[in-house]
file coords11.cif (mmCIF, C-alpha atoms, pLDDT in the B column; chains and numbers go by the auth columns)
data_my_file
#
loop_
_atom_site.group_PDB
_atom_site.id
_atom_site.type_symbol
_atom_site.label_atom_id
_atom_site.label_comp_id
_atom_site.label_asym_id
_atom_site.label_seq_id
_atom_site.Cartn_x
_atom_site.Cartn_y
_atom_site.Cartn_z
_atom_site.B_iso_or_equiv
_atom_site.auth_seq_id
_atom_site.auth_asym_id
ATOM 1 C CA MET A 1 38.271 92.733 73.853 51.00 1 A
ATOM 2 C CA SER A 2 35.282 94.729 75.136 53.00 2 A
ATOM 3 C CA ARG A 3 35.395 97.381 77.849 52.00 3 A
ATOM 4 C CA PRO A 4 33.802 95.238 80.656 51.00 4 A
ATOM 5 C CA ASN A 5 36.359 92.494 79.983 54.00 5 A
ATOM 6 C CA LEU A 6 39.219 95.016 80.445 49.00 6 A
ATOM 7 C CA ILE A 7 37.846 96.501 83.687 52.00 7 A
ATOM 8 C CA ARG A 8 37.099 93.104 85.298 57.00 8 A
ATOM 9 C CA PRO A 9 40.791 92.065 85.926 54.00 9 A
ATOM 10 C CA ILE A 10 41.515 95.499 87.391 52.00 10 A
ATOM 11 C CA ARG A 11 38.600 95.179 89.823 57.00 11 A
ATOM 12 C CA GLN A 12 39.765 91.725 90.873 59.00 12 A
ATOM 13 C CA ALA A 13 43.281 93.025 91.508 54.00 13 A
ATOM 14 C CA LEU A 14 41.996 95.936 93.606 55.00 14 A
ATOM 15 C CA SER A 15 39.663 93.716 95.617 60.00 15 A
ATOM 16 C CA ARG A 16 42.542 91.518 96.851 56.00 16 A
ATOM 17 C CA PRO A 17 43.894 92.358 100.360 55.00 17 A
ATOM 18 C CA ILE A 18 47.315 93.993 100.301 51.00 18 A
ATOM 19 C CA ALA A 19 49.731 92.559 102.848 49.00 19 A
ATOM 20 C CA ALA A 20 51.365 95.347 104.838 48.00 20 A
ATOM 21 C CA GLN A 21 55.120 95.180 104.708 50.00 21 A
ATOM 22 C CA PRO A 22 56.890 95.189 108.108 47.00 22 A
ATOM 23 C CA ARG A 23 58.579 98.473 108.937 47.00 23 A
ATOM 24 C CA LEU A 24 62.308 98.248 109.404 44.00 24 A
ATOM 25 C CA ILE A 25 63.685 99.686 112.614 41.00 25 A
ATOM 26 C CA PHE A 26 67.218 100.001 111.239 40.00 26 A
ATOM 27 C CA PRO A 27 66.959 100.606 107.470 43.00 27 A
ATOM 28 C CA SER A 28 70.739 100.738 107.060 41.00 28 A
ATOM 29 C CA LEU A 29 71.262 97.290 108.529 39.00 29 A
ATOM 30 C CA THR A 30 70.546 94.382 106.213 42.00 30 A
ATOM 31 C CA SER A 31 69.552 90.901 107.244 41.00 31 A
ATOM 32 C CA VAL A 32 72.348 88.590 108.202 38.00 32 A
ATOM 33 C CA ARG A 33 70.498 85.525 107.130 40.00 33 A
ATOM 34 C CA SER A 34 71.593 84.200 103.779 40.00 34 A
ATOM 35 C CA GLN A 35 69.489 82.942 100.891 41.00 35 A
ATOM 36 C CA ALA A 36 70.259 79.368 101.862 39.00 36 A
ATOM 37 C CA SER A 37 68.949 79.831 105.384 42.00 37 A
ATOM 38 C CA ALA A 38 65.818 81.513 104.006 41.00 38 A
ATOM 39 C CA ALA A 39 65.136 78.630 101.622 42.00 39 A
ATOM 40 C CA GLU A 40 65.627 75.995 104.342 45.00 40 A
ATOM 41 C CA PRO A 41 63.837 77.045 107.542 46.00 41 A
ATOM 42 C CA GLU A 42 64.739 75.631 110.907 49.00 42 A
ATOM 43 C CA SER A 43 63.219 72.321 111.948 47.00 43 A
ATOM 44 C CA GLY A 44 61.289 73.774 114.887 46.00 44 A
ATOM 45 C CA SER A 45 59.577 76.610 112.972 48.00 45 A
ATOM 46 C CA LYS A 46 56.612 76.054 110.632 50.00 46 A
ATOM 47 C CA PRO A 47 55.679 78.655 108.044 49.00 47 A
ATOM 48 C CA GLU A 48 52.169 80.071 108.333 51.00 48 A
ATOM 49 C CA GLY A 49 50.040 79.575 105.243 51.00 49 A
ATOM 50 C CA GLY A 50 52.996 78.207 103.310 52.00 50 A
ATOM 51 C CA ILE A 51 54.675 81.681 103.237 53.00 51 A
ATOM 52 C CA LEU A 52 58.130 82.092 104.766 48.00 52 A
ATOM 53 C CA GLN A 53 58.453 85.297 106.805 51.00 53 A
ATOM 54 C CA LEU A 54 61.867 86.990 106.957 45.00 54 A
ATOM 55 C CA THR A 55 62.693 89.249 109.878 46.00 55 A
ATOM 56 C CA ASN A 56 65.545 91.657 110.330 45.00 56 A
ATOM 57 C CA GLU A 57 68.341 90.554 112.634 51.00 57 A
ATOM 58 C CA LEU A 58 71.041 92.717 114.153 49.00 58 A
ATOM 59 C CA PRO A 59 74.566 91.863 112.937 51.00 59 A
ATOM 60 C CA HIS A 60 76.984 90.162 115.235 55.00 60 A
ATOM 61 C CA PRO A 61 79.218 92.545 117.240 54.00 61 A
ATOM 62 C CA ASN A 62 82.329 90.980 115.661 57.00 62 A
ATOM 63 C CA ALA A 63 80.977 91.236 112.112 52.00 63 A
ATOM 64 C CA GLU A 64 83.189 94.260 111.391 55.00 64 A
ATOM 65 C CA GLU A 65 86.313 92.172 111.894 57.00 65 A
ATOM 66 C CA ASP A 66 85.382 89.998 108.909 58.00 66 A
ATOM 67 C CA GLU A 67 84.995 92.980 106.593 68.00 67 A
ATOM 68 C CA VAL A 68 87.867 93.820 104.244 74.00 68 A
ATOM 69 C CA ARG A 69 89.601 97.060 105.185 79.00 69 A
ATOM 70 C CA LEU A 70 92.531 98.977 103.767 83.00 70 A
ATOM 71 C CA PRO A 71 95.959 98.420 105.346 85.00 71 A
ATOM 72 C CA ARG A 72 97.118 100.945 107.900 81.00 72 A
ATOM 73 C CA ALA A 73 99.842 102.192 105.572 77.00 73 A
ATOM 74 C CA VAL A 74 97.242 102.968 102.898 82.00 74 A
ATOM 75 C CA GLN A 75 94.886 104.618 105.389 84.00 75 A
ATOM 76 C CA ALA A 76 97.729 106.865 106.562 82.00 76 A
ATOM 77 C CA ILE A 77 97.922 108.427 103.083 82.00 77 A
ATOM 78 C CA TYR A 78 94.612 110.191 103.693 85.00 78 A
ATOM 79 C CA LEU A 79 95.777 111.553 107.073 86.00 79 A
ATOM 80 C CA GLN A 80 98.388 114.054 108.179 87.00 80 A
ATOM 81 C CA PRO A 81 101.953 112.640 108.391 88.00 81 A
ATOM 82 C CA LEU A 82 102.996 111.381 111.804 87.00 82 A
ATOM 83 C CA ARG A 83 105.843 113.099 113.643 89.00 83 A
ATOM 84 C CA ARG A 84 108.438 112.222 116.257 90.00 84 A
ATOM 85 C CA GLU A 85 109.011 114.354 119.334 90.00 85 A
ATOM 86 C CA ALA A 86 112.441 115.915 119.834 89.00 86 A
ATOM 87 C CA GLU A 87 113.997 115.388 123.252 89.00 87 A
ATOM 88 C CA PHE A 88 116.688 118.098 123.213 89.00 88 A
ATOM 89 C CA GLY A 89 115.754 120.193 120.176 88.00 89 A
ATOM 90 C CA VAL A 90 119.280 120.341 118.727 90.00 90 A
ATOM 91 C CA PRO A 91 119.118 120.996 114.950 91.00 91 A
ATOM 92 C CA SER A 92 120.813 118.373 112.782 92.00 92 A
ATOM 93 C CA CYS A 93 119.769 119.280 109.243 93.00 93 A
ATOM 94 C CA ASP A 94 117.935 122.024 107.364 94.00 94 A
ATOM 95 C CA LEU A 95 116.421 120.864 104.081 94.00 95 A
ATOM 96 C CA GLN A 96 115.268 123.591 101.718 95.00 96 A
ATOM 97 C CA LEU A 97 112.931 122.588 98.880 95.00 97 A
ATOM 98 C CA ARG A 98 112.396 124.812 95.840 95.00 98 A
ATOM 99 C CA SER A 99 109.950 124.600 92.984 95.00 99 A
ATOM 100 C CA TYR A 100 107.957 126.698 90.536 94.00 100 A
ATOM 101 C CA SER A 101 104.815 124.614 91.164 92.00 101 A
ATOM 102 C CA ILE A 102 103.065 124.701 94.549 93.00 102 A
ATOM 103 C CA PRO A 103 101.228 121.306 94.245 93.00 103 A
ATOM 104 C CA ASN A 104 104.461 119.465 93.466 93.00 104 A
ATOM 105 C CA LEU A 105 106.212 121.237 96.338 94.00 105 A
ATOM 106 C CA GLU A 106 103.489 120.391 98.878 93.00 106 A
ATOM 107 C CA PHE A 107 103.393 116.781 97.711 93.00 107 A
ATOM 108 C CA PHE A 108 107.138 116.265 98.128 94.00 108 A
ATOM 109 C CA CYS A 109 107.111 117.985 101.546 94.00 109 A
ATOM 110 C CA ASP A 110 104.501 115.469 102.697 93.00 110 A
ATOM 111 C CA PHE A 111 106.615 112.634 101.302 93.00 111 A
ATOM 112 C CA ALA A 112 109.739 113.900 103.117 94.00 112 A
ATOM 113 C CA LEU A 113 107.902 114.151 106.455 94.00 113 A
ATOM 114 C CA ARG A 114 106.576 110.600 106.177 92.00 114 A
ATOM 115 C CA ALA A 115 110.049 109.273 105.323 93.00 115 A
ATOM 116 C CA ALA A 116 111.527 111.084 108.345 93.00 116 A
ATOM 117 C CA TYR A 117 108.947 109.512 110.665 92.00 117 A
ATOM 118 C CA TYR A 118 109.793 105.955 109.608 91.00 118 A
ATOM 119 C CA LEU A 119 113.510 106.707 110.059 92.00 119 A
ATOM 120 C CA HIS A 120 112.837 107.904 113.661 92.00 120 A
ATOM 121 C CA LEU A 121 113.830 111.496 112.848 93.00 121 A
ATOM 122 C CA PRO A 122 111.939 114.370 114.521 93.00 122 A
ATOM 123 C CA ALA A 123 110.957 116.621 111.593 93.00 123 A
ATOM 124 C CA PHE A 124 109.482 120.122 111.836 92.00 124 A
ATOM 125 C CA GLY A 125 107.829 121.986 109.007 83.00 125 A
ATOM 126 C CA PRO A 126 107.246 122.639 106.236 92.00 126 A
ATOM 127 C CA ILE A 127 107.944 126.307 106.956 93.00 127 A
ATOM 128 C CA PRO A 128 107.138 128.704 104.062 94.00 128 A
ATOM 129 C CA LEU A 129 110.119 130.853 103.086 95.00 129 A
ATOM 130 C CA PRO A 130 109.994 134.143 101.153 95.00 130 A
ATOM 131 C CA LYS A 131 109.455 133.573 97.465 94.00 131 A
ATOM 132 C CA ILE A 132 112.072 134.576 94.892 95.00 132 A
ATOM 133 C CA THR A 133 110.731 136.721 92.041 95.00 133 A
ATOM 134 C CA GLU A 134 112.803 137.210 88.889 94.00 134 A
ATOM 135 C CA ARG A 135 111.821 139.363 85.918 94.00 135 A
ATOM 136 C CA TRP A 136 113.383 139.845 82.473 94.00 136 A
ATOM 137 C CA THR A 137 112.606 142.262 79.681 92.00 137 A
ATOM 138 C CA VAL A 138 113.506 141.003 76.225 90.00 138 A
ATOM 139 C CA PRO A 139 113.106 142.907 72.900 89.00 139 A
ATOM 140 C CA ARG A 140 110.804 141.116 70.527 88.00 140 A
ATOM 141 C CA SER A 141 112.763 142.285 67.526 86.00 141 A
ATOM 142 C CA HIS A 142 115.775 144.453 66.628 84.00 142 A
ATOM 143 C CA PHE A 143 116.600 147.705 64.869 85.00 143 A
ATOM 144 C CA ILE A 144 113.587 150.014 64.598 84.00 144 A
ATOM 145 C CA PHE A 145 111.312 147.486 66.384 84.00 145 A
ATOM 146 C CA LYS A 146 113.251 147.675 69.669 82.00 146 A
ATOM 147 C CA LYS A 147 110.374 149.449 71.420 85.00 147 A
ATOM 148 C CA SER A 148 108.315 146.279 71.127 89.00 148 A
ATOM 149 C CA GLN A 149 109.453 144.376 74.229 90.00 149 A
ATOM 150 C CA GLU A 150 108.159 141.447 76.242 92.00 150 A
ATOM 151 C CA ASN A 151 108.383 140.827 79.997 93.00 151 A
ATOM 152 C CA PHE A 152 108.959 137.440 81.617 94.00 152 A
ATOM 153 C CA GLU A 153 108.529 136.577 85.286 94.00 153 A
ATOM 154 C CA ARG A 154 109.567 133.509 87.285 94.00 154 A
ATOM 155 C CA ILE A 155 108.508 132.909 90.897 95.00 155 A
ATOM 156 C CA THR A 156 110.340 130.311 92.988 95.00 156 A
ATOM 157 C CA ARG A 157 108.473 128.877 95.990 95.00 157 A
ATOM 158 C CA ARG A 158 110.450 127.561 98.949 95.00 158 A
ATOM 159 C CA ARG A 159 109.780 125.373 101.981 95.00 159 A
ATOM 160 C CA LEU A 160 112.025 124.492 104.929 96.00 160 A
ATOM 161 C CA ILE A 161 112.049 121.175 106.820 95.00 161 A
ATOM 162 C CA GLN A 162 114.264 120.929 109.911 94.00 162 A
ATOM 163 C CA ILE A 163 115.515 117.724 111.516 94.00 163 A
ATOM 164 C CA ARG A 164 116.341 117.848 115.225 92.00 164 A
ATOM 165 C CA ASP A 165 118.118 115.334 117.459 90.00 165 A
ATOM 166 C CA GLY A 166 118.955 113.201 114.436 90.00 166 A
ATOM 167 C CA HIS A 167 121.927 110.890 114.114 90.00 167 A
ATOM 168 C CA PRO A 168 124.236 111.881 111.226 90.00 168 A
ATOM 169 C CA ASP A 169 123.946 108.423 109.639 91.00 169 A
ATOM 170 C CA SER A 170 120.152 108.530 109.776 92.00 170 A
ATOM 171 C CA VAL A 171 120.112 112.028 108.311 93.00 171 A
ATOM 172 C CA GLN A 172 122.377 110.985 105.430 93.00 172 A
ATOM 173 C CA LEU A 173 120.167 107.953 104.802 93.00 173 A
ATOM 174 C CA TRP A 174 117.099 110.217 104.765 94.00 174 A
ATOM 175 C CA LEU A 175 118.699 112.613 102.273 94.00 175 A
ATOM 176 C CA ALA A 176 119.847 109.738 100.059 94.00 176 A
ATOM 177 C CA PHE A 177 116.321 108.294 100.062 94.00 177 A
ATOM 178 C CA LEU A 178 114.849 111.648 99.033 94.00 178 A
ATOM 179 C CA GLN A 179 117.455 112.051 96.313 93.00 179 A
ATOM 180 C CA LYS A 180 116.743 108.575 94.970 93.00 180 A
ATOM 181 C CA HIS A 181 112.975 109.179 94.819 93.00 181 A
ATOM 182 C CA ALA A 182 113.186 112.846 93.809 90.00 182 A
ATOM 183 C CA TYR A 183 110.043 114.357 92.328 91.00 183 A
ATOM 184 C CA TYR A 184 110.208 116.243 89.039 90.00 184 A
ATOM 185 C CA GLY A 185 110.466 120.006 89.293 91.00 185 A
ATOM 186 C CA ILE A 186 111.814 119.920 92.886 93.00 186 A
ATOM 187 C CA GLY A 187 115.243 121.250 93.898 94.00 187 A
ATOM 188 C CA MET A 188 116.857 120.335 97.215 94.00 188 A
ATOM 189 C CA LYS A 189 119.564 121.998 99.288 93.00 189 A
ATOM 190 C CA ALA A 190 120.617 120.605 102.681 94.00 190 A
ATOM 191 C CA ASN A 191 122.744 122.045 105.510 93.00 191 A
ATOM 192 C CA MET A 192 123.976 119.487 108.042 91.00 192 A
ATOM 193 C CA TRP A 193 125.533 119.885 111.479 89.00 193 A
ATOM 194 C CA GLU A 194 127.688 117.253 113.138 83.00 194 A
ATOM 195 C CA TYR A 195 128.878 117.446 116.716 79.00 195 A
ATOM 196 C CA GLY A 196 132.118 115.856 117.880 75.00 196 A
ATOM 197 C CA SER A 197 133.558 115.035 121.255 76.00 197 A
ATOM 198 C CA LEU A 198 135.827 117.281 123.364 78.00 198 A
ATOM 199 C CA ASP A 199 138.830 115.059 122.664 78.00 199 A
ATOM 200 C CA THR A 200 139.030 116.097 119.030 76.00 200 A
ATOM 201 C CA ALA A 201 142.719 117.113 119.291 78.00 201 A
ATOM 202 C CA LYS A 202 143.769 113.711 120.612 81.00 202 A
ATOM 203 C CA GLN A 203 141.762 111.986 117.919 80.00 203 A
ATOM 204 C CA MET A 204 143.472 114.069 115.222 80.00 204 A
ATOM 205 C CA ASP A 205 146.920 113.250 116.635 82.00 205 A
ATOM 206 C CA SER A 206 146.152 109.531 116.566 81.00 206 A
ATOM 207 C CA GLU A 207 144.984 109.742 112.943 81.00 207 A
ATOM 208 C CA MET A 208 147.980 111.798 111.830 82.00 208 A
ATOM 209 C CA GLU A 209 150.129 108.779 110.929 79.00 209 A
ATOM 210 C CA SER A 210 147.525 107.223 108.649 80.00 210 A
ATOM 211 C CA MET A 211 146.828 110.611 107.077 82.00 211 A
ATOM 212 C CA GLN A 212 150.543 111.207 106.460 83.00 212 A
ATOM 213 C CA LYS A 213 150.833 107.944 104.507 81.00 213 A
ATOM 214 C CA SER A 214 147.904 108.821 102.257 82.00 214 A
ATOM 215 C CA ILE A 215 149.331 112.320 101.718 82.00 215 A
ATOM 216 C CA ASP A 216 152.749 110.974 100.754 80.00 216 A
ATOM 217 C CA GLU A 217 151.206 108.577 98.231 79.00 217 A
ATOM 218 C CA LYS A 218 149.349 111.420 96.555 77.00 218 A
ATOM 219 C CA MET A 219 152.319 113.781 96.594 76.00 219 A
ATOM 220 C CA GLU A 220 154.477 111.236 94.766 72.00 220 A
ATOM 221 C CA LEU A 221 152.193 111.545 91.764 69.00 221 A
ATOM 222 C CA LEU A 222 153.006 115.240 91.315 69.00 222 A
ATOM 223 C CA GLY A 223 155.629 115.969 88.636 59.00 223 A
ATOM 224 C CA GLN A 224 157.494 118.670 90.531 54.00 224 A
ATOM 225 C CA ASN A 225 158.387 116.259 93.328 49.00 225 A
ATOM 226 C CA LYS A 226 159.764 113.530 91.109 52.00 226 A
ATOM 227 C CA MET A 227 163.461 112.765 91.455 53.00 227 A
ATOM 228 C CA LEU A 228 165.526 114.322 88.664 54.00 228 A
ATOM 229 C CA GLY A 229 167.825 112.105 86.621 56.00 229 A
ATOM 230 C CA THR A 230 171.396 111.772 87.864 64.00 230 A
ATOM 231 C CA VAL A 231 174.551 112.588 85.901 67.00 231 A
ATOM 232 C CA GLU A 232 175.010 108.953 84.983 73.00 232 A
ATOM 233 C CA LYS A 233 171.544 108.824 83.507 76.00 233 A
ATOM 234 C CA VAL A 234 172.298 111.937 81.440 76.00 234 A
ATOM 235 C CA LYS A 235 175.534 110.414 80.119 77.00 235 A
ATOM 236 C CA GLU A 236 173.685 107.237 79.206 81.00 236 A
ATOM 237 C CA ILE A 237 171.116 109.216 77.243 78.00 237 A
ATOM 238 C CA LEU A 238 173.850 111.186 75.397 77.00 238 A
ATOM 239 C CA ALA A 239 175.694 107.992 74.500 80.00 239 A
ATOM 240 C CA SER A 240 172.570 106.243 73.215 81.00 240 A
ATOM 241 C CA GLU A 241 172.312 105.459 69.514 74.00 241 A
ATOM 242 C CA ARG A 242 168.986 107.249 69.125 73.00 242 A
ATOM 243 C CA PHE A 243 170.451 110.494 70.427 70.00 243 A
ATOM 244 C CA ARG A 244 173.395 110.233 67.993 72.00 244 A
ATOM 245 C CA ARG A 245 171.120 109.743 64.980 70.00 245 A
ATOM 246 C CA THR A 246 169.016 112.730 65.875 67.00 246 A
ATOM 247 C CA GLY A 247 172.139 114.828 66.342 57.00 247 A
#

call {"tool": "encode", "arguments": {"input": "coords11.cif", "output": "structure tokens"}}
result
Amino acid sequence: MSRPNLIRPIRQALSRPIAAQPRLIFPSLTSVRSQASAAEPESGSKPEGGILQLTNELPHPNAEEDEVRLPRAVQAIYLQPLRREAEFGVPSCDLQLRSYSIPNLEFFCDFALRAAYYLHLPAFGPIPLPKITERWTVPRSHFIFKKSQENFERITRRRLIQIRDGHPDSVQLWLAFLQKHAYYGIGMKANMWEYGSLDTAKQMDSEMESMQKSIDEKMELLGQNKMLGTVEKVKEILASERFRRTG
């Protein structure tokens, strides 16, 4: 193909008028009209020059309701744990968490606070406690190589979570739930407080009879309280045939 034949199609393409594309007012908003509606125009509108013109349309105000969103429980994972407000501020339980790894400790503290919220327990914390540092010096070898020693160090991180105005049953349920779903490398230690009524003495007197029965049943199992054999039982043993053969 000669040079004029190559330049001619380029000149024809440049001589054609270029249709200016409409400028979008809201670039982030896409057209709501579907491909089906674009292929089949409305009965009252006629395309100009056989070309269908598409225009941007604002989405419906309720279009966000049709979009798929994450459940509230999943969205709450990315937020801070919710907390209950204490009415009286009376401490019910102190939970101390220990670990050698800070990420595991922070993760389980967040899990414990979320569990306390859904059990209607006002939780406060986590409060950082002083770390525990332990060091050991161990000889690498023995005899003349004793001067070659090696040092080891272990740091224990601690956090404190306090429950206030909590019912004892709810607190025990919370601790049992944490123990069931315990995270690896996390140690737990809990101190609980229970408050009784002023009529504790009368309540103990009323329960004394039932307690005495259970105590007597357990005391009967002890060997020192068993009834010793009578004289007749001893005579029967001495007169037995087995005792005579052994004698």

call {"tool": "residues_around", "arguments": {"input": "coords11.cif", "residues": "Gly196 in chain A", "least_positions_apart": "4", "cutoff": "12 Å", "atoms": "all atoms listed in the file", "output": "short mmCIF file (atom, residue, chain, number, x, y, z; two decimals) with C-alpha atoms, keeping the file's coordinate frame"}}
result
data_model
loop_
_atom_site.label_atom_id
_atom_site.label_comp_id
_atom_site.auth_asym_id
_atom_site.auth_seq_id
_atom_site.Cartn_x
_atom_site.Cartn_y
_atom_site.Cartn_z
CA HIS A 167 121.93 110.89 114.11
CA PRO A 168 124.24 111.88 111.23
CA THR A 200 139.03 116.10 119.03
CA ALA A 201 142.72 117.11 119.29
CA GLN A 203 141.76 111.99 117.92
CA MET A 204 143.47 114.07 115.22
#

call {"tool": "resolve_selection", "arguments": {"input": "coords11.cif", "expression": "the PyMOL selection byres ((chain A and resi 80) around 12)", "output": "number ranges by chain"}}
result
A: 75-79, 81-83, 107, 109-111, 113-114, 117

call {"tool": "atom_distance", "arguments": {"input": "coords11.cif", "atom1": "CA of Phe124 in chain A", "atom2": "CA of Leu198 in chain A"}}
result
28.9 Å

call {"tool": "atom_distance", "arguments": {"input": "coords11.cif", "atom1": "CA of Trp174 in chain A", "atom2": "CA of Arg159 in chain A"}}
result
17.1 Å

call {"tool": "atom_distance", "arguments": {"input": "coords11.cif", "atom1": "CA of Thr133 in chain A", "atom2": "CA of Ile102 in chain A"}}
result
14.5 Å

call {"tool": "closest_residue", "arguments": {"input": "coords11.cif", "among": "A:Ser148, A:Ser170, A:Ser240, A:Thr156", "to": "Gly187 in chain A", "atoms": "only C-alpha atoms"}}
result
A:Thr156

call {"tool": "residues_around", "arguments": {"input": "coords11.cif", "residues": "Pro91 in chain A", "least_positions_apart": "5", "cutoff": "9 Å", "atoms": "all atoms listed in the file", "output": "PyMOL selection string"}}
result
chain A and resi 162-166+192-193

call {"tool": "closest_residue", "arguments": {"input": "coords11.cif", "among": "A:Phe243, A:Tyr195, A:Phe177, A:Phe108", "to": "Ile161 in chain A", "atoms": "all atoms listed in the file"}}
result
A:Phe108

call {"tool": "residues_around", "arguments": {"input": "coords11.cif", "residues": "Arg158 in chain A", "least_positions_apart": "5", "cutoff": "12 Å", "atoms": "only C-alpha atoms", "output": "JSON, numbers by chain"}}
result
{"A": [95, 96, 97, 98, 99, 100, 101, 102, 104, 105, 106, 108, 109, 125, 126, 127, 128, 129, 130, 131, 132, 133, 186, 187, 188, 189]}

call {"tool": "write_last_selection", "arguments": {"input": "coords11.cif", "atoms": "C-alpha atoms", "output": "CSV table (one decimal), in the frame of the given file"}}
result
chain,number,residue,atom,x,y,z
A,95,LEU,CA,116.4,120.9,104.1
A,96,GLN,CA,115.3,123.6,101.7
A,97,LEU,CA,112.9,122.6,98.9
A,98,ARG,CA,112.4,124.8,95.8
A,99,SER,CA,110.0,124.6,93.0
A,100,TYR,CA,108.0,126.7,90.5
A,101,SER,CA,104.8,124.6,91.2
A,102,ILE,CA,103.1,124.7,94.5
A,104,ASN,CA,104.5,119.5,93.5
A,105,LEU,CA,106.2,121.2,96.3
A,106,GLU,CA,103.5,120.4,98.9
A,108,PHE,CA,107.1,116.3,98.1
A,109,CYS,CA,107.1,118.0,101.5
A,125,GLY,CA,107.8,122.0,109.0
A,126,PRO,CA,107.2,122.6,106.2
A,127,ILE,CA,107.9,126.3,107.0
A,128,PRO,CA,107.1,128.7,104.1
A,129,LEU,CA,110.1,130.9,103.1
A,130,PRO,CA,110.0,134.1,101.2
A,131,LYS,CA,109.5,133.6,97.5
A,132,ILE,CA,112.1,134.6,94.9
A,133,THR,CA,110.7,136.7,92.0
A,186,ILE,CA,111.8,119.9,92.9
A,187,GLY,CA,115.2,121.2,93.9
A,188,MET,CA,116.9,120.3,97.2
A,189,LYS,CA,119.6,122.0,99.3
